[in-house]
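Enquirer: The structure is given below, and queries will be raised subsequently.
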Amino acid sequence: MHGRFTIEGFGRHVPERVLTNADLESIVETSDDWITTRTGIKTRHIAAPGEAASDLAAKACFTALADAGRPVEDVTQIFFATFTPDSICPPAACILEHKLGISGRPASDVSAACSGFLFAMDHAVGTLARKPDATVLLTASEVTSSRTNWADRATCVLFGDGAGAVVLSTREPKPGQATIRDIILHSDGSMWPLLTVKGGGSGWPLKLGETVKEDFFIEMNGPEVYKNAVRSMGQVCEEIVEKNGLKMDDIDLFIPHQANLRIIEAVGKRLKFFGDRVMVTVDRYGNTSAASVAIALADAKLEGRIKPGAKVLLTTFGGGFTFGAALLEFV
Ligand code: UT7
């Protein structure tokens with residue numbers, strides 16, 4: 001990648017309400033033991049009625065801007081990664097812009113399912129390459145609970161709501177800030193039927209007065225998604241590390257998509273990341289889709305897991321299939 005792309009600030013926000021595995025036992029036929037052993041998830045946060053993706057995003061964005069020491073007026077462009085936007089139209093990014101109290105900035109959504117944060121980061125880097133004076137606000141925010149089938153135990157135990165945000169520019173990075181050294185993205189459209197939310201889209205339109213069917217919610221072939229997630233994240237991480245002349249040993253912290261602890265451990269085993277070198281938040285937040293790596297990155301900073309000079313490897317996988325990796329270097 002040519003040019004300097006700096007992450008100046010990090011933020012995240014999760015809604016107040018916590019849904020435990022015990023709570024889920026009273027909703028579907030499941031158990032804390034099954035959820036813990038198969039997924040590693042103990043709790044997830046669920047948005048309040050009326051709390052939309054743009055509400056969570058606004059809070060994460062203000063935190064990221066404060067972390068960057070930047071007033072919101074500095075923002076010149078907004079990218080919003082989500083598969084659960086407030087509405088089909090307008091873009092959630094425009095609603096967010098209004099909630100942030102600014103206007104006139106280009107604001108658009110990026111749809112790449114759970115990989116949305118890295119796909120949107122790629123858009124942000126492209127924007128900065130063309131407009132070096134830009135300040136890009138990038139958020140990934142999901143209210144997955146709005147598309148969760150609470151009668152389907154195979155999926156409803158997995159997901160959670162939340163938002164992450166970063167502020168990007170081409171400025172010289174200060175201590176605690178990072179530069180984006182590289183991003184690699186892939187998609188494999190042949191696999192699209194394995195993980196879907198179809199109902200209400202133009203291919204599966206709803207008619208006035210019709211009640212929603214199962215396809216309005218997340219539908220997933222869990223075991224197939226699992227296998228592909230492990231393989232794809234492993235491959236793209238090897239690709240980005242090799243392309244940048246590094247070895248896995250050079251990576252200080254690995255932040256993979258937080259879908260399932262077993263997936264994180266399987267990818268970690270392939271790449272030889274164990275213990276403190278792996279960031280895990282899936283136990284407390286579940287799978288927050290596009291927001292998962294953005295939240296985990298902000299939490300890693302908050303928890304002091306990222307030391308000066310650290311190289312951090314991010315990787316995502318989601319419906320589409322879409323997958324990618326990004327390499328960050330902290331100052
Ligand atoms: O963000 C990217 C998208 N998502 C993912 O990456 C998730 C990928 N997939 C997974 O994480 C795992 O495949 C799951 C956690 C979804 C499922 O784990 P699994 O070990 O692949 O289980 P399974 O789907 O093969 O189901 C095993 C059994 C089944 O019962 P039978 O048919 O063996 O009697 C399921 O009906 O577990 C049953 N089951 C449950 N039991 C209790 C499925 N969900 C539950 C549940 N509680 N919540």
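Please note that chains go A, B, ... in the order of the structure tokens, that every chain numbers its residues from 1, and that ligands are numbered from 1 in the order shown.
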Using only C-alpha atoms, determine which residues lie at most 10 Å from Val282 of chain A, disregarding the query and same-chain residues fewer than 2 positions distant; provide the list as a list in words.
Expert: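 Everything that qualifies: Thr39, Gly40, Ile41, Lys42, Thr43, Arg44, Leu158, Phe159, Gly160, His257, Gln258, Ala259, Asn260, Leu261, Ile264, Met279, Val280, Arg284, Tyr285, Gly286, Asn287, Thr288, Ser292 and Ala296 of chain A.
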Enquirer: Pull N, CA, C and O atoms from the residues just selected and write them as a compact mmCIF listing (two decimals), in the first residue's frame.
Expert:
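File written: selection_23.txt
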```
# COMPACT_ATOMS: atom_id res chain seq x y z
N THR A 39 -19.50 -22.69 21.83
CA THR A 39 -19.23 -21.35 21.28
C THR A 39 -18.31 -20.48 22.14
O THR A 39 -17.75 -19.51 21.65
N GLY A 40 -18.22 -20.77 23.44
CA GLY A 40 -17.45 -19.91 24.35
C GLY A 40 -18.18 -18.66 24.78
O GLY A 40 -17.64 -17.84 25.51
N ILE A 41 -19.44 -18.51 24.33
CA ILE A 41 -20.20 -17.28 24.65
C ILE A 41 -20.90 -17.44 26.01
O ILE A 41 -21.52 -18.46 26.28
N LYS A 42 -20.77 -16.41 26.85
CA LYS A 42 -21.45 -16.41 28.15
C LYS A 42 -22.56 -15.35 28.19
O LYS A 42 -23.61 -15.56 28.76
N THR A 43 -22.26 -14.18 27.62
CA THR A 43 -23.24 -13.09 27.60
C THR A 43 -23.16 -12.38 26.25
O THR A 43 -22.17 -12.49 25.54
N ARG A 44 -24.22 -11.66 25.94
CA ARG A 44 -24.22 -10.76 24.78
C ARG A 44 -25.07 -9.55 25.17
O ARG A 44 -25.94 -9.66 26.05
N LEU A 158 -26.06 -17.03 19.36
CA LEU A 158 -24.72 -16.66 18.89
C LEU A 158 -24.46 -15.15 18.82
O LEU A 158 -23.32 -14.72 18.98
N PHE A 159 -25.52 -14.39 18.55
CA PHE A 159 -25.28 -12.99 18.14
C PHE A 159 -25.53 -11.97 19.25
O PHE A 159 -26.23 -12.25 20.22
N GLY A 160 -24.94 -10.79 19.07
CA GLY A 160 -25.11 -9.69 20.02
C GLY A 160 -25.04 -8.37 19.29
O GLY A 160 -24.69 -8.32 18.10
N HIS A 257 -12.12 -12.19 13.86
CA HIS A 257 -13.58 -12.04 13.98
C HIS A 257 -14.07 -12.91 15.14
O HIS A 257 -13.66 -14.06 15.30
N GLN A 258 -14.94 -12.31 15.95
CA GLN A 258 -15.39 -12.98 17.18
C GLN A 258 -16.74 -13.66 16.92
O GLN A 258 -17.80 -13.11 17.22
N ALA A 259 -16.68 -14.87 16.33
CA ALA A 259 -17.93 -15.60 16.05
C ALA A 259 -18.11 -16.76 17.02
O ALA A 259 -19.24 -17.07 17.41
N ASN A 260 -17.01 -17.40 17.37
CA ASN A 260 -17.08 -18.63 18.14
C ASN A 260 -15.67 -18.89 18.67
O ASN A 260 -14.70 -18.86 17.90
N LEU A 261 -15.54 -19.16 19.96
CA LEU A 261 -14.21 -19.37 20.54
C LEU A 261 -13.48 -20.54 19.87
O LEU A 261 -12.27 -20.50 19.69
N ILE A 264 -11.92 -19.26 16.73
CA ILE A 264 -10.74 -18.43 17.08
C ILE A 264 -9.57 -19.35 17.44
O ILE A 264 -8.44 -19.13 16.99
N MET A 279 -6.74 -11.83 20.97
CA MET A 279 -7.78 -11.02 21.63
C MET A 279 -9.11 -11.78 21.54
O MET A 279 -9.55 -12.16 20.45
N VAL A 280 -9.73 -11.99 22.68
CA VAL A 280 -11.02 -12.70 22.73
C VAL A 280 -12.05 -11.82 23.45
O VAL A 280 -11.82 -11.40 24.59
N ARG A 284 -18.02 -12.27 26.09
CA ARG A 284 -18.90 -11.25 26.68
C ARG A 284 -19.87 -10.59 25.72
O ARG A 284 -20.93 -10.11 26.12
N TYR A 285 -19.52 -10.53 24.42
CA TYR A 285 -20.38 -9.82 23.47
C TYR A 285 -21.07 -10.74 22.45
O TYR A 285 -21.91 -10.26 21.69
N GLY A 286 -20.71 -12.03 22.38
CA GLY A 286 -21.21 -12.87 21.29
C GLY A 286 -20.66 -12.36 19.96
O GLY A 286 -19.66 -11.64 19.91
N ASN A 287 -21.34 -12.76 18.87
CA ASN A 287 -20.91 -12.34 17.54
C ASN A 287 -21.65 -11.05 17.17
O ASN A 287 -22.85 -11.07 16.91
N THR A 288 -20.92 -9.94 17.15
CA THR A 288 -21.54 -8.65 16.80
C THR A 288 -21.31 -8.32 15.32
O THR A 288 -21.30 -7.15 14.93
N SER A 292 -17.60 -6.69 15.31
CA SER A 292 -16.84 -7.52 16.26
C SER A 292 -15.35 -7.16 16.34
O SER A 292 -14.81 -6.98 17.43
N ALA A 296 -13.36 -5.28 19.39
CA ALA A 296 -12.21 -5.98 19.99
C ALA A 296 -10.94 -5.13 19.92
O ALA A 296 -10.13 -5.11 20.85
```
Enquirer: Using only C-alpha atoms, determine which residues lie at most 10 Å from segment 306-314 of chain A, disregarding the query and same-chain residues fewer than 3 positions distant; provide the list as an mmCIF file with C-alpha atoms, in the first residue's frame.
Expert:
```
data_model
loop_
_atom_site.group_PDB
_atom_site.id
_atom_site.type_symbol
_atom_site.label_atom_id
_atom_site.label_comp_id
_atom_site.auth_asym_id
_atom_site.auth_seq_id
_atom_site.Cartn_x
_atom_site.Cartn_y
_atom_site.Cartn_z
ATOM 1 C CA LEU A 118 -12.302 -4.264 6.956
ATOM 2 C CA PRO A 175 1.953 7.563 20.466
ATOM 3 C CA GLY A 176 -0.983 5.191 20.923
ATOM 4 C CA GLN A 177 -2.091 5.655 17.322
ATOM 5 C CA ALA A 178 -1.574 3.192 14.468
ATOM 6 C CA THR A 179 -0.854 3.126 10.771
ATOM 7 C CA ILE A 180 -2.533 0.697 8.391
ATOM 8 C CA ARG A 181 0.260 -1.175 6.655
ATOM 9 C CA ASP A 182 -1.934 -3.331 4.416
ATOM 10 C CA ILE A 183 -5.434 -4.664 3.806
ATOM 11 C CA MET A 233 -9.174 -16.501 7.889
ATOM 12 C CA CYS A 237 -3.646 -14.056 7.384
ATOM 13 C CA ILE A 240 -0.925 -10.677 4.278
ATOM 14 C CA VAL A 241 1.948 -11.617 6.605
ATOM 15 C CA MET A 248 3.714 -14.896 12.340
ATOM 16 C CA ASP A 250 6.443 -10.755 14.300
ATOM 17 C CA ILE A 251 2.757 -10.256 15.152
ATOM 18 C CA ASP A 252 2.200 -9.042 18.711
ATOM 19 C CA LEU A 253 -1.583 -9.298 18.848
ATOM 20 C CA PHE A 254 -4.045 -11.291 16.731
ATOM 21 C CA ILE A 255 -7.609 -9.919 16.609
ATOM 22 C CA PRO A 256 -9.850 -12.318 14.668
ATOM 23 C CA HIS A 257 -13.576 -12.045 13.980
ATOM 24 C CA ARG A 277 -1.339 -12.967 21.668
ATOM 25 C CA VAL A 278 -5.031 -13.536 20.841
ATOM 26 C CA MET A 279 -7.777 -11.025 21.625
ATOM 27 C CA VAL A 293 -13.254 -6.709 15.234
ATOM 28 C CA ALA A 294 -13.837 -2.959 15.668
ATOM 29 C CA ALA A 296 -12.213 -5.981 19.995
ATOM 30 C CA LEU A 297 -9.637 -3.489 18.674
ATOM 31 C CA ASP A 299 -11.103 -3.082 23.901
ATOM 32 C CA ALA A 300 -7.529 -4.211 23.245
ATOM 33 C CA LYS A 301 -6.453 -0.563 23.469
ATOM 34 C CA LEU A 302 -8.566 0.127 26.563
ATOM 35 C CA GLU A 303 -7.144 -2.944 28.317
ATOM 36 C CA GLY A 324 -10.089 -10.244 4.827
ATOM 37 C CA ALA A 325 -7.119 -9.229 6.921
ATOM 38 C CA ALA A 326 -5.455 -5.962 7.890
ATOM 39 C CA LEU A 327 -2.037 -5.286 9.340
ATOM 40 C CA LEU A 328 -1.672 -2.371 11.780
ATOM 41 C CA GLU A 329 1.498 -0.912 13.273
ATOM 42 C CA PHE A 330 1.195 1.048 16.506
ATOM 43 C CA VAL A 331 3.437 3.928 17.502
#
```
Enquirer: For Pro91 of chain A, find every residue with an atom within 12 Å (counting only C-alpha atoms), except residues of its own chain fewer than 4 positions away, and show them as a ChimeraX atom specification.
Expert: /A:53-54,78-87,95-98,106-111
Enquirer: Those same residues - N, CA, C and O atoms - I'd like them written as a PDB file, in the first residue's frame.
Expert:
```pdb
ATOM      1  N   ALA A  53     -28.962   0.826  14.914  1.00  0.00           N
ATOM      2  CA  ALA A  53     -27.512   0.744  14.665  1.00  0.00           C
ATOM      3  C   ALA A  53     -26.857   2.130  14.707  1.00  0.00           C
ATOM      4  O   ALA A  53     -25.741   2.286  15.211  1.00  0.00           O
ATOM      5  N   SER A  54     -27.560   3.158  14.204  1.00  0.00           N
ATOM      6  CA  SER A  54     -26.958   4.501  14.187  1.00  0.00           C
ATOM      7  C   SER A  54     -26.817   5.073  15.599  1.00  0.00           C
ATOM      8  O   SER A  54     -25.926   5.891  15.846  1.00  0.00           O
ATOM      9  N   ILE A  78     -17.914   9.802   5.960  1.00  0.00           N
ATOM     10  CA  ILE A  78     -18.342   8.741   6.888  1.00  0.00           C
ATOM     11  C   ILE A  78     -18.600   7.448   6.114  1.00  0.00           C
ATOM     12  O   ILE A  78     -19.308   7.456   5.102  1.00  0.00           O
ATOM     13  N   PHE A  79     -18.036   6.354   6.630  1.00  0.00           N
ATOM     14  CA  PHE A  79     -18.386   5.014   6.140  1.00  0.00           C
ATOM     15  C   PHE A  79     -18.983   4.222   7.297  1.00  0.00           C
ATOM     16  O   PHE A  79     -18.449   4.253   8.416  1.00  0.00           O
ATOM     17  N   PHE A  80     -20.047   3.478   7.008  1.00  0.00           N
ATOM     18  CA  PHE A  80     -20.808   2.780   8.052  1.00  0.00           C
ATOM     19  C   PHE A  80     -20.985   1.333   7.598  1.00  0.00           C
ATOM     20  O   PHE A  80     -21.738   1.047   6.672  1.00  0.00           O
ATOM     21  N   ALA A  81     -20.284   0.418   8.245  1.00  0.00           N
ATOM     22  CA  ALA A  81     -20.387  -1.009   7.908  1.00  0.00           C
ATOM     23  C   ALA A  81     -21.485  -1.645   8.755  1.00  0.00           C
ATOM     24  O   ALA A  81     -21.464  -1.545   9.981  1.00  0.00           O
ATOM     25  N   THR A  82     -22.417  -2.313   8.082  1.00  0.00           N
ATOM     26  CA  THR A  82     -23.506  -2.966   8.822  1.00  0.00           C
ATOM     27  C   THR A  82     -24.302  -3.876   7.900  1.00  0.00           C
ATOM     28  O   THR A  82     -24.359  -3.653   6.694  1.00  0.00           O
ATOM     29  N   PHE A  83     -24.912  -4.915   8.470  1.00  0.00           N
ATOM     30  CA  PHE A  83     -25.947  -5.648   7.732  1.00  0.00           C
ATOM     31  C   PHE A  83     -27.309  -5.426   8.401  1.00  0.00           C
ATOM     32  O   PHE A  83     -28.307  -5.976   7.968  1.00  0.00           O
ATOM     33  N   THR A  84     -27.314  -4.598   9.454  1.00  0.00           N
ATOM     34  CA  THR A  84     -28.574  -4.265  10.124  1.00  0.00           C
ATOM     35  C   THR A  84     -28.743  -2.740  10.195  1.00  0.00           C
ATOM     36  O   THR A  84     -28.830  -2.168  11.287  1.00  0.00           O
ATOM     37  N   PRO A  85     -28.758  -2.074   9.018  1.00  0.00           N
ATOM     38  CA  PRO A  85     -28.927  -0.614   9.030  1.00  0.00           C
ATOM     39  C   PRO A  85     -30.294  -0.256   9.618  1.00  0.00           C
ATOM     40  O   PRO A  85     -31.203  -1.090   9.630  1.00  0.00           O
ATOM     41  N   ASP A  86     -30.444   0.979  10.079  1.00  0.00           N
ATOM     42  CA  ASP A  86     -31.727   1.424  10.638  1.00  0.00           C
ATOM     43  C   ASP A  86     -32.863   1.148   9.650  1.00  0.00           C
ATOM     44  O   ASP A  86     -33.962   0.769  10.050  1.00  0.00           O
ATOM     45  N   SER A  87     -32.591   1.377   8.349  1.00  0.00           N
ATOM     46  CA  SER A  87     -33.615   1.212   7.309  1.00  0.00           C
ATOM     47  C   SER A  87     -32.902   0.841   6.012  1.00  0.00           C
ATOM     48  O   SER A  87     -31.691   0.997   5.903  1.00  0.00           O
ATOM     49  N   ILE A  95     -28.166   8.935   8.584  1.00  0.00           N
ATOM     50  CA  ILE A  95     -28.853   9.140   9.875  1.00  0.00           C
ATOM     51  C   ILE A  95     -27.798   9.423  10.949  1.00  0.00           C
ATOM     52  O   ILE A  95     -27.959  10.303  11.793  1.00  0.00           O
ATOM     53  N   LEU A  96     -26.702   8.692  10.878  1.00  0.00           N
ATOM     54  CA  LEU A  96     -25.603   8.902  11.835  1.00  0.00           C
ATOM     55  C   LEU A  96     -25.049  10.326  11.713  1.00  0.00           C
ATOM     56  O   LEU A  96     -24.834  11.008  12.727  1.00  0.00           O
ATOM     57  N   GLU A  97     -24.813  10.756  10.488  1.00  0.00           N
ATOM     58  CA  GLU A  97     -24.278  12.108  10.270  1.00  0.00           C
ATOM     59  C   GLU A  97     -25.164  13.138  10.983  1.00  0.00           C
ATOM     60  O   GLU A  97     -24.679  14.035  11.692  1.00  0.00           O
ATOM     61  N   HIS A  98     -26.480  12.976  10.827  1.00  0.00           N
ATOM     62  CA  HIS A  98     -27.432  13.893  11.463  1.00  0.00           C
ATOM     63  C   HIS A  98     -27.336  13.794  12.987  1.00  0.00           C
ATOM     64  O   HIS A  98     -27.316  14.814  13.684  1.00  0.00           O
ATOM     65  N   PRO A 106     -20.014  13.451   2.606  1.00  0.00           N
ATOM     66  CA  PRO A 106     -20.463  12.205   1.991  1.00  0.00           C
ATOM     67  C   PRO A 106     -20.535  11.109   3.058  1.00  0.00           C
ATOM     68  O   PRO A 106     -19.581  10.920   3.819  1.00  0.00           O
ATOM     69  N   ALA A 107     -21.673  10.416   3.105  1.00  0.00           N
ATOM     70  CA  ALA A 107     -21.875   9.388   4.132  1.00  0.00           C
ATOM     71  C   ALA A 107     -22.569   8.206   3.479  1.00  0.00           C
ATOM     72  O   ALA A 107     -23.632   8.353   2.878  1.00  0.00           O
ATOM     73  N   SER A 108     -21.957   7.024   3.572  1.00  0.00           N
ATOM     74  CA  SER A 108     -22.550   5.861   2.900  1.00  0.00           C
ATOM     75  C   SER A 108     -22.314   4.594   3.701  1.00  0.00           C
ATOM     76  O   SER A 108     -21.373   4.506   4.485  1.00  0.00           O
ATOM     77  N   ASP A 109     -23.181   3.604   3.451  1.00  0.00           N
ATOM     78  CA  ASP A 109     -23.065   2.314   4.122  1.00  0.00           C
ATOM     79  C   ASP A 109     -22.201   1.364   3.292  1.00  0.00           C
ATOM     80  O   ASP A 109     -22.127   1.479   2.058  1.00  0.00           O
ATOM     81  N   VAL A 110     -21.588   0.418   3.979  1.00  0.00           N
ATOM     82  CA  VAL A 110     -20.805  -0.639   3.331  1.00  0.00           C
ATOM     83  C   VAL A 110     -21.376  -1.965   3.815  1.00  0.00           C
ATOM     84  O   VAL A 110     -21.450  -2.209   5.014  1.00  0.00           O
ATOM     85  N   SER A 111     -21.801  -2.798   2.868  1.00  0.00           N
ATOM     86  CA  SER A 111     -22.418  -4.072   3.224  1.00  0.00           C
ATOM     87  C   SER A 111     -21.478  -5.217   2.867  1.00  0.00           C
ATOM     88  O   SER A 111     -21.274  -5.505   1.691  1.00  0.00           O
TER      89      SER A 111
END
```
Enquirer: When distances are computed from only C-alpha atoms, which of A:Ser187, A:Ser115, A:Thr211, A:Thr37 shows the smallest separation from Asn21 of chain A?
Expert: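 Looking at the shortest contact to Asn21 of chain A, the residue is A:Thr37.
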Enquirer: Which one is closest to Thr315 of chain A: A:Ala266, A:Ile7, A:Met1, A:Cys114? Count only C-alpha atoms.
Expert: A:Cys114
Enquirer: Among segment 69-312 of chain A, which ones does DSSP place in helix (DSSP H, G or I), written as a PyMOL selection string?
Expert: chain A and resi 72-74+92-99+113-130+144-147+153-156+189-194+214-216+222-243+248-250+261-271+275-277+282-285+291-302
Enquirer: Under the rule of at most 9 Å, produce a per-residue listing of chain A near ligand 1: chain, number, name, the closest pair of atoms, and the distance in Å, as a tab-separated table, using only C-alpha atoms and all ligand atoms.
Expert:
```
residue	atom	partner	partner_atom_place_in_ligand_line	distance
A:Leu24	CA	ligand 1	48 (N)	8.6
A:Glu25	CA	ligand 1	47 (N)	8.6
A:Val28	CA	ligand 1	48 (N)	7.6
A:Glu29	CA	ligand 1	47 (N)	6.2
A:Thr30	CA	ligand 1	47 (N)	3.7
A:Ser31	CA	ligand 1	47 (N)	5.9
A:Asp32	CA	ligand 1	47 (N)	8.3
A:Asp33	CA	ligand 1	47 (N)	8.6
A:Trp34	CA	ligand 1	42 (C)	5.4
A:Ile35	CA	ligand 1	48 (N)	6.0
A:Thr37	CA	ligand 1	20 (O)	8.9
A:Arg38	CA	ligand 1	15 (C)	5.4
A:Thr39	CA	ligand 1	15 (C)	5.3
A:Ala113	CA	ligand 1	1 (O)	7.9
A:Cys114	CA	ligand 1	1 (O)	5.4
A:Ser115	CA	ligand 1	1 (O)	8.3
A:Asp152	CA	ligand 1	44 (N)	7.9
A:Arg153	CA	ligand 1	48 (N)	4.2
A:Ala154	CA	ligand 1	44 (N)	3.5
A:Thr155	CA	ligand 1	16 (C)	6.3
A:Cys156	CA	ligand 1	48 (N)	7.3
A:Val157	CA	ligand 1	48 (N)	5.7
A:Leu158	CA	ligand 1	15 (C)	7.1
A:Phe159	CA	ligand 1	1 (O)	8.5
A:Leu195	CA	ligand 1	3 (C)	7.1
A:Met220	CA	ligand 1	4 (N)	7.5
A:Asn221	CA	ligand 1	13 (O)	7.3
A:Gly222	CA	ligand 1	13 (O)	3.5
A:Pro223	CA	ligand 1	13 (O)	3.9
A:Glu224	CA	ligand 1	13 (O)	7.1
A:Val225	CA	ligand 1	8 (C)	4.8
A:Tyr226	CA	ligand 1	8 (C)	3.9
A:Lys227	CA	ligand 1	8 (C)	7.8
A:Asn228	CA	ligand 1	6 (O)	8.4
A:Ala229	CA	ligand 1	6 (O)	6.0
A:Val230	CA	ligand 1	6 (O)	8.6
A:His257	CA	ligand 1	1 (O)	7.1
A:Gln258	CA	ligand 1	1 (O)	7.2
A:Ala259	CA	ligand 1	1 (O)	4.8
A:Asn260	CA	ligand 1	11 (O)	5.1
A:Leu261	CA	ligand 1	11 (O)	8.2
A:Arg262	CA	ligand 1	11 (O)	7.5
A:Ile263	CA	ligand 1	11 (O)	7.0
A:Asn287	CA	ligand 1	1 (O)	6.2
A:Thr288	CA	ligand 1	1 (O)	7.9
A:Ser289	CA	ligand 1	1 (O)	5.5
A:Ala290	CA	ligand 1	1 (O)	8.3
A:Ser292	CA	ligand 1	1 (O)	8.8
A:Thr316	CA	ligand 1	1 (O)	8.3
A:Phe317	CA	ligand 1	2 (C)	5.8
A:Gly318	CA	ligand 1	2 (C)	4.5
A:Gly319	CA	ligand 1	2 (C)	6.6
```
Enquirer: Quick one: residues within 7 Å of Gly234 of chain A, only C-alpha atoms counted, chain neighbours fewer than 3 positions away excluded, as a PyMOL selection string?
Expert: chain A and resi 230-231+237-238+267+270-271
Enquirer: I'd like to know which residues of segment 11-110 of chain A are strand (DSSP E or B) (by DSSP, run on the backbone); could you write them as a ChimeraX atom specification?
Expert: /A:11-13,17-20,43-46,77-81,107-110
Enquirer: Hey, can you spit out that residue selection with N, CA and C atoms as a short mmCIF file (atom, residue, chain, number, x, y, z; two decimals), in the first residue's frame?
Expert:
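The new file result18.cif reads:
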```
data_model
loop_
_atom_site.label_atom_id
_atom_site.label_comp_id
_atom_site.auth_asym_id
_atom_site.auth_seq_id
_atom_site.Cartn_x
_atom_site.Cartn_y
_atom_site.Cartn_z
N GLY A 11 -12.98 3.73 19.34
CA GLY A 11 -14.12 3.79 20.26
C GLY A 11 -15.01 2.59 20.09
N ARG A 12 -15.78 2.32 21.12
CA ARG A 12 -16.78 1.26 21.00
C ARG A 12 -17.93 1.53 21.97
N HIS A 13 -19.07 0.96 21.64
CA HIS A 13 -20.21 1.09 22.55
C HIS A 13 -21.05 -0.17 22.44
N ARG A 17 -28.36 -3.56 28.09
CA ARG A 17 -28.99 -4.83 28.48
C ARG A 17 -28.11 -6.04 28.15
N VAL A 18 -27.91 -6.88 29.16
CA VAL A 18 -27.09 -8.09 28.99
C VAL A 18 -28.01 -9.31 28.97
N LEU A 19 -27.84 -10.15 27.97
CA LEU A 19 -28.61 -11.39 27.87
C LEU A 19 -27.66 -12.55 28.18
N THR A 20 -27.95 -13.28 29.24
CA THR A 20 -27.06 -14.38 29.65
C THR A 20 -27.52 -15.70 29.02
N THR A 43 -22.26 -14.18 27.62
CA THR A 43 -23.24 -13.09 27.60
C THR A 43 -23.16 -12.38 26.25
N ARG A 44 -24.22 -11.66 25.94
CA ARG A 44 -24.22 -10.76 24.78
C ARG A 44 -25.07 -9.55 25.17
N HIS A 45 -24.82 -8.40 24.53
CA HIS A 45 -25.59 -7.18 24.84
C HIS A 45 -26.67 -7.00 23.77
N ILE A 46 -27.84 -6.57 24.21
CA ILE A 46 -28.98 -6.46 23.29
C ILE A 46 -29.53 -5.03 23.36
N GLN A 77 -15.79 12.70 5.86
CA GLN A 77 -16.47 11.59 5.18
C GLN A 77 -16.78 10.50 6.19
N ILE A 78 -17.91 9.80 5.96
CA ILE A 78 -18.34 8.74 6.89
C ILE A 78 -18.60 7.45 6.11
N PHE A 79 -18.04 6.35 6.63
CA PHE A 79 -18.39 5.01 6.14
C PHE A 79 -18.98 4.22 7.30
N PHE A 80 -20.05 3.48 7.01
CA PHE A 80 -20.81 2.78 8.05
C PHE A 80 -20.99 1.33 7.60
N ALA A 81 -20.28 0.42 8.25
CA ALA A 81 -20.39 -1.01 7.91
C ALA A 81 -21.49 -1.65 8.76
N ALA A 107 -21.67 10.42 3.11
CA ALA A 107 -21.88 9.39 4.13
C ALA A 107 -22.57 8.21 3.48
N SER A 108 -21.96 7.02 3.57
CA SER A 108 -22.55 5.86 2.90
C SER A 108 -22.31 4.59 3.70
N ASP A 109 -23.18 3.60 3.45
CA ASP A 109 -23.06 2.31 4.12
C ASP A 109 -22.20 1.36 3.29
N VAL A 110 -21.59 0.42 3.98
CA VAL A 110 -20.80 -0.64 3.33
C VAL A 110 -21.38 -1.96 3.82
#
```
Enquirer: Check the smallest atom-to-atom distance from each of A:Gln235, A:Gly116, A:Glu265, A:Val143 to Thr322 of chain A using only C-alpha atoms, then report the winner.
Expert: A:Gly116
